[in-house]
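Take a look at the structure below.
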Amino acid sequence: MATHYPLAEDRGQATVPVTIDLRSDTVTQPSAAMRQVMAEAQVGDDVYGDDPNVNALEQQTAHLLGKQMGLFLPSGTMSNLASVLAHCQRGEEVLVGEQYHISCDEAAGVAVLGSVAIHALSTDVFGRFEVEQMTAAIKPNDYHCPMTRLLCLENTVSGCIQDQSHIDTLAECAQQHGLATHMDGARLLNAAVAQNLPPARLVQSIDTVSLCLSKGLGVPLGSVLVGPAEVIDRARRLRKMLGGGMRQAGIIAAAGCYALDNNIERLAQDHRRTKELAVALEGVDGLNFDMARVQTNMLFLQSAQMPALADYLAQCGIAITAIGQNARIVIHMQVDDEALQQVVESIRTFFANR
Ligand SMILES: Cc1ncc(COP(=O)(O)O)c(C=O)c1O
């Protein structure tokens with residue numbers, strides 16, 4: 001299947017099982033302790049509001065992010081979608097960075113399922129767009145135009161931390177123009193840990209936030225949308241409409257609570273290892289990357305020999321995401337120091353033998 005996130009069957013000619021999977025932080029497996037919590041979770045029917053672990057997770061996440069109410073959804077994609085549809089009516093418009101997930105990785109769900117137009121703003125290599133770009137994109141009150149209703153931000157963007165004062169300025173300006181604001185915070189906690197800031201501070205100026213549990217936090221699936229009660233109430237109806245109302249979902253929500261209690265601070269280990277990897281690869285002849293973009297748990301590589309590098313790594317049991325001359329490496333909780341060393345040595349060996 002053609003995809004820009006290569007699937008298992010697309011990994012070249014590899015016959016070796018993958019032992020170090022660096023394609024994404026979504027590949028993490030639940031730990032033994034997390035599985036124990038899941039096995040012992042008390043559950044109820046969450047569509048009736050009866051599941052104690054779902055209720056606890058929603059409250060805990062809302063508290064963590066300084067918002068009124070939370071809603072547990074099966075995926076980050078559905079969380080973003082429910083949020084955009086809760087903010088916007090048919091024929092209205094959302095402004096979003098062109099490289100953000102809502103713009104290019106969610107199969108245009110907001111347009112297909114909500115008849116909401118996407119106006120994509122060009123971003124720099126760090127994922128940033130300027131206030132002037134945003135204000136220029138807000139449509140006048142003219143019946144030829146869609147009504148611009150919502151600004152969608154993302155943090156981190158491809159591993160890059162968005163400048164906090166800039167986020168606040170964008171959000172304040174959007175609000176002055178009557179727009180609501182949504183943050184795709186799939187990896188917001190990476191940004192919080194890396195800056196040593198309380199997560200709530202990062203989204204103080206934002207109305208709704210989607211937080212993924214299934215990335216660096218290591219939960220098998222799930223996201224929590226948080227925001228004002230009236231928006232979350234609408235999103236709850238939309239979740240049901242989209243088929244995301246789950247029954248004994250507490251088995252997963254318990255893992256979510258476990259992750260919020262135990263797995264946030266450890267994201268700093270992923271960031272340290274990503275930086276160590278980048279430092280170890282600096283100066284390797286034939287390999288390029290921008291050290292300024294190495295801010296959390298992602299490293300983007302360029303090489304004229306990229307397809308061959310990805311194939312070689314696959315033969316070493318190491319999976320990366322490679323497209324053309326570019327590749328992405330994501331460090332997560334299943335990559336320890338020993339694995340990291342193996343990755344460094346494999347990449348160096350490949351280029352030394354060219
Ligand atoms: C920035 C961002 N937002 C949203 C999502 C969607 O999450 P999910 O895969 O749970 O639908 C992803 C997934 O990788 C993501 O990277």
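Every chain in the structure tokens has a letter given in the order shown (A, B, ...), and although residue numbers restart at 1 in each chain, ligands are simply numbered from 1 in the order shown.
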Write down as a short mmCIF file (atom, residue, chain, number, x, y, z; two decimals) with all heavy atoms, in the first residue's frame the residues belonging to stretch 56-120 of chain A that are assigned strand (DSSP E or B) by DSSP computed on the backbone.
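Saved to result_22.cif:
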data_model
loop_
_atom_site.label_atom_id
_atom_site.label_comp_id
_atom_site.auth_asym_id
_atom_site.auth_seq_id
_atom_site.Cartn_x
_atom_site.Cartn_y
_atom_site.Cartn_z
N MET A 69 -13.24 20.20 31.60
CA MET A 69 -13.79 18.86 31.41
C MET A 69 -12.97 18.08 30.40
O MET A 69 -12.33 18.67 29.52
CB MET A 69 -15.23 19.00 30.91
CG MET A 69 -16.06 17.76 31.03
SD MET A 69 -17.74 18.07 30.47
CE MET A 69 -18.53 18.53 31.98
N GLY A 70 -12.99 16.74 30.51
CA GLY A 70 -12.27 15.89 29.58
C GLY A 70 -13.18 14.87 28.91
O GLY A 70 -14.29 14.58 29.41
N LEU A 71 -12.72 14.33 27.80
CA LEU A 71 -13.47 13.30 27.07
C LEU A 71 -12.47 12.31 26.49
O LEU A 71 -11.55 12.69 25.76
CB LEU A 71 -14.26 13.95 25.92
CG LEU A 71 -15.05 13.00 25.02
CD1 LEU A 71 -16.24 12.40 25.79
CD2 LEU A 71 -15.56 13.74 23.78
N PHE A 72 -12.66 11.04 26.83
CA PHE A 72 -11.74 9.98 26.36
C PHE A 72 -12.20 9.49 24.99
O PHE A 72 -13.38 9.16 24.81
CB PHE A 72 -11.76 8.84 27.38
CG PHE A 72 -10.84 7.71 27.06
CD1 PHE A 72 -9.53 7.93 26.65
CD2 PHE A 72 -11.27 6.39 27.19
CE1 PHE A 72 -8.67 6.88 26.37
CE2 PHE A 72 -10.41 5.33 26.91
CZ PHE A 72 -9.12 5.59 26.50
N LEU A 73 -11.29 9.46 24.03
CA LEU A 73 -11.61 9.00 22.68
C LEU A 73 -10.60 7.94 22.25
O LEU A 73 -9.50 7.86 22.79
CB LEU A 73 -11.57 10.17 21.68
CG LEU A 73 -12.61 11.25 21.93
CD1 LEU A 73 -11.98 12.50 22.47
CD2 LEU A 73 -13.41 11.54 20.67
N GLU A 92 -18.09 26.41 7.49
CA GLU A 92 -17.13 27.27 8.18
C GLU A 92 -15.71 26.75 7.91
O GLU A 92 -15.52 25.75 7.22
CB GLU A 92 -17.47 27.32 9.68
CG GLU A 92 -18.81 28.02 9.88
CD GLU A 92 -19.21 28.22 11.33
OE1 GLU A 92 -18.70 27.49 12.21
OE2 GLU A 92 -20.08 29.09 11.56
N GLU A 93 -14.74 27.46 8.46
CA GLU A 93 -13.35 27.20 8.05
C GLU A 93 -12.41 27.14 9.26
O GLU A 93 -12.59 27.86 10.23
CB GLU A 93 -12.91 28.36 7.15
CG GLU A 93 -11.49 28.28 6.67
CD GLU A 93 -11.09 29.55 5.94
OE1 GLU A 93 -11.13 30.64 6.54
OE2 GLU A 93 -10.72 29.44 4.76
N VAL A 94 -11.41 26.28 9.12
CA VAL A 94 -10.38 26.17 10.14
C VAL A 94 -9.04 26.59 9.53
O VAL A 94 -8.73 26.24 8.39
CB VAL A 94 -10.35 24.73 10.71
CG1 VAL A 94 -10.30 23.68 9.65
CG2 VAL A 94 -9.20 24.52 11.66
N LEU A 95 -8.26 27.36 10.29
CA LEU A 95 -6.89 27.71 9.88
C LEU A 95 -5.93 26.78 10.60
O LEU A 95 -6.04 26.59 11.82
CB LEU A 95 -6.56 29.16 10.28
CG LEU A 95 -7.50 30.26 9.80
CD1 LEU A 95 -6.97 31.63 10.24
CD2 LEU A 95 -7.67 30.21 8.28
N VAL A 96 -5.00 26.21 9.85
CA VAL A 96 -4.11 25.21 10.44
C VAL A 96 -2.78 25.19 9.67
O VAL A 96 -2.77 25.43 8.46
CB VAL A 96 -4.80 23.81 10.44
CG1 VAL A 96 -5.21 23.36 9.05
CG2 VAL A 96 -3.94 22.75 11.10
N GLY A 97 -1.68 24.95 10.36
CA GLY A 97 -0.38 24.85 9.69
C GLY A 97 -0.38 23.73 8.66
O GLY A 97 -0.94 22.67 8.91
N ALA A 117 -14.09 23.69 5.87
CA ALA A 117 -12.99 23.95 4.94
C ALA A 117 -11.67 24.06 5.71
O ALA A 117 -11.64 24.59 6.82
CB ALA A 117 -13.25 25.24 4.17
N ILE A 118 -10.59 23.55 5.08
CA ILE A 118 -9.26 23.66 5.69
C ILE A 118 -8.48 24.73 4.94
O ILE A 118 -8.30 24.63 3.72
CB ILE A 118 -8.49 22.32 5.58
CG1 ILE A 118 -9.21 21.21 6.34
CG2 ILE A 118 -7.05 22.48 6.09
CD1 ILE A 118 -8.59 19.83 6.15
N HIS A 119 -8.04 25.78 5.64
CA HIS A 119 -7.11 26.75 5.04
C HIS A 119 -5.75 26.49 5.67
O HIS A 119 -5.53 26.76 6.85
CB HIS A 119 -7.58 28.18 5.32
CG HIS A 119 -6.74 29.22 4.63
ND1 HIS A 119 -7.28 30.27 3.95
CD2 HIS A 119 -5.39 29.35 4.50
CE1 HIS A 119 -6.31 31.02 3.44
NE2 HIS A 119 -5.14 30.47 3.77
N ALA A 120 -4.84 25.93 4.86
CA ALA A 120 -3.52 25.55 5.38
C ALA A 120 -2.55 26.71 5.24
O ALA A 120 -2.41 27.30 4.16
CB ALA A 120 -3.00 24.33 4.62
#
(message) Can you tell me, as a PyMOL selection string, which residues in stretch 152-306 of chain A count as alpha helix (DSSP H) by DSSP?
(response) chain A and resi 164-176+188-195+199-202+229-241+250-262+267-281+306
(message) If the limit is 6 Å from any atom of ligand 1, counting only C-alpha atoms and all ligand atoms, which residues qualify? Return them as a ChimeraX atom specification.
(response) /A:75-77,101,184,186
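For the choices A:Thr169, A:Asn80, A:Ser115, A:Ser158, the atom-to-atom distance to A:Asn297 is smallest for A:Ser158 when using only C-alpha atoms.
Separating atom CA of A:Phe126 from atom CA of A:Ala278 is a distance of 16.9 Å.
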List as a CSV table (one decimal) with N, CA, C and O atoms, in the first residue's frame the protein and nucleic acid residues near A:Leu64, meaning an atom at most 7 Å away when only C-alpha atoms are counted, but skip any in the same chain fewer than 2 places from it.
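Result file around_10.csv:
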chain,number,residue,atom,x,y,z
A,60,GLN,N,-8.5,13.6,35.5
A,60,GLN,CA,-7.1,13.8,35.7
A,60,GLN,C,-6.5,14.6,34.6
A,60,GLN,O,-5.6,15.5,34.8
A,61,THR,N,-6.9,14.3,33.3
A,61,THR,CA,-6.3,15.0,32.2
A,61,THR,C,-6.7,16.5,32.2
A,61,THR,O,-5.9,17.4,31.9
A,62,ALA,N,-8.0,16.7,32.5
A,62,ALA,CA,-8.5,18.1,32.5
A,62,ALA,C,-7.8,18.9,33.5
A,62,ALA,O,-7.3,20.0,33.3
A,66,GLY,N,-5.4,22.1,33.0
A,66,GLY,CA,-6.0,23.3,33.5
A,66,GLY,C,-7.4,23.6,32.8
A,66,GLY,O,-7.7,24.8,32.6
A,199,PRO,N,2.3,21.5,32.2
A,199,PRO,CA,1.5,21.3,30.9
A,199,PRO,C,0.4,22.3,30.8
A,199,PRO,O,0.2,22.8,29.7
A,200,ALA,N,-0.2,22.7,31.9
A,200,ALA,CA,-1.3,23.6,31.8
A,200,ALA,C,-0.9,25.0,31.3
A,200,ALA,O,-1.6,25.7,30.6
Hey, what's within 9 Å of A:Arg201 if we count only C-alpha atoms and toss same-chain stuff fewer than 4 positions away? As an mmCIF file with N, CA, C and O atoms, in the first residue's frame, please?
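Result file is result-v2.cif:
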data_model
loop_
_atom_site.group_PDB
_atom_site.id
_atom_site.type_symbol
_atom_site.label_atom_id
_atom_site.label_comp_id
_atom_site.auth_asym_id
_atom_site.auth_seq_id
_atom_site.Cartn_x
_atom_site.Cartn_y
_atom_site.Cartn_z
ATOM 1 N N LEU A 65 -4.202 19.741 32.455
ATOM 2 C CA LEU A 65 -4.108 20.770 31.418
ATOM 3 C C LEU A 65 -4.887 22.036 31.778
ATOM 4 O O LEU A 65 -5.033 22.945 30.943
ATOM 5 N N GLY A 66 -5.393 22.094 32.998
ATOM 6 C CA GLY A 66 -6.047 23.311 33.484
ATOM 7 C C GLY A 66 -7.363 23.611 32.789
ATOM 8 O O GLY A 66 -7.723 24.788 32.624
ATOM 9 N N GLN A 164 6.455 29.554 23.346
ATOM 10 C CA GLN A 164 5.245 29.763 24.141
ATOM 11 C C GLN A 164 4.651 31.159 23.966
ATOM 12 O O GLN A 164 3.437 31.315 23.842
ATOM 13 N N ALA A 192 6.295 20.098 27.283
ATOM 14 C CA ALA A 192 6.262 20.560 28.676
ATOM 15 C C ALA A 192 7.511 20.092 29.428
ATOM 16 O O ALA A 192 8.172 20.884 30.111
ATOM 17 N N LEU A 197 8.106 23.146 32.069
ATOM 18 C CA LEU A 197 6.939 23.996 32.342
ATOM 19 C C LEU A 197 5.749 23.114 32.702
ATOM 20 O O LEU A 197 5.619 21.994 32.176
ATOM 21 N N SER A 205 -3.725 29.685 26.963
ATOM 22 C CA SER A 205 -4.444 30.613 26.085
ATOM 23 C C SER A 205 -5.325 29.885 25.063
ATOM 24 O O SER A 205 -5.898 30.524 24.190
#
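Note that the spacing between atom CA of A:Asp336 and atom CA of A:Leu287 amounts to 23.2 Å.
Each of A:Val224, A:Val219, A:Ile264, A:Leu150 was compared to A:Pro198 using only C-alpha atoms, and A:Ile264 turns out to be the nearest.
Excluding A:Ser31 and any residue on its chain fewer than 5 positions from it, the residues at most 12 Å away by only C-alpha atoms are A:Gln36, A:Val37, A:Met38, A:Leu217, A:Gly218, A:Val219, A:Pro220, A:Ala255, A:Tyr258, A:Ala259, A:Asn262, A:Asn263, A:Met333, A:Gln334.
Nearest residue to A:Ser83 among A:Ser210, A:Gln42, A:Thr148, A:Ser24 is A:Ser210, counting only C-alpha atoms.
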(request) Skip A:His144 itself and residues of its chain fewer than 4 positions away, then list as a PyMOL selection string all residues within 12 Å of it, counting only C-alpha atoms. (result) chain A and resi 91-92+139-140
May I have the selected residues written with N, CA and C atoms, as a PDB file, in the first residue's frame?
ATOM      1  N   GLY A  91     -19.670  24.553   6.315  1.00  0.00           N
ATOM      2  CA  GLY A  91     -19.399  25.773   5.563  1.00  0.00           C
ATOM      3  C   GLY A  91     -18.489  26.745   6.271  1.00  0.00           C
ATOM      4  N   GLU A  92     -18.093  26.412   7.489  1.00  0.00           N
ATOM      5  CA  GLU A  92     -17.127  27.265   8.185  1.00  0.00           C
ATOM      6  C   GLU A  92     -15.708  26.751   7.911  1.00  0.00           C
ATOM      7  N   LYS A 139     -11.185  35.362   6.933  1.00  0.00           N
ATOM      8  CA  LYS A 139     -12.020  35.896   5.859  1.00  0.00           C
ATOM      9  C   LYS A 139     -12.875  37.060   6.356  1.00  0.00           C
ATOM     10  N   PRO A 140     -13.147  38.011   5.462  1.00  0.00           N
ATOM     11  CA  PRO A 140     -14.068  39.093   5.826  1.00  0.00           C
ATOM     12  C   PRO A 140     -15.501  38.556   5.927  1.00  0.00           C
TER      13      PRO A 140
END
(request) Please provide as a PyMOL selection string all residues within 8 Å of A:Thr321, with the sequence filter that same-chain residues fewer than 2 positions apart are discarded (counting only C-alpha atoms). (result) chain A and resi 5-6+22-24+310+319+323+327-329
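The closest residue to A:His63, picked from A:Leu113, A:Leu281, A:Val226, A:Ile318 and counting only C-alpha atoms, is A:Val226.
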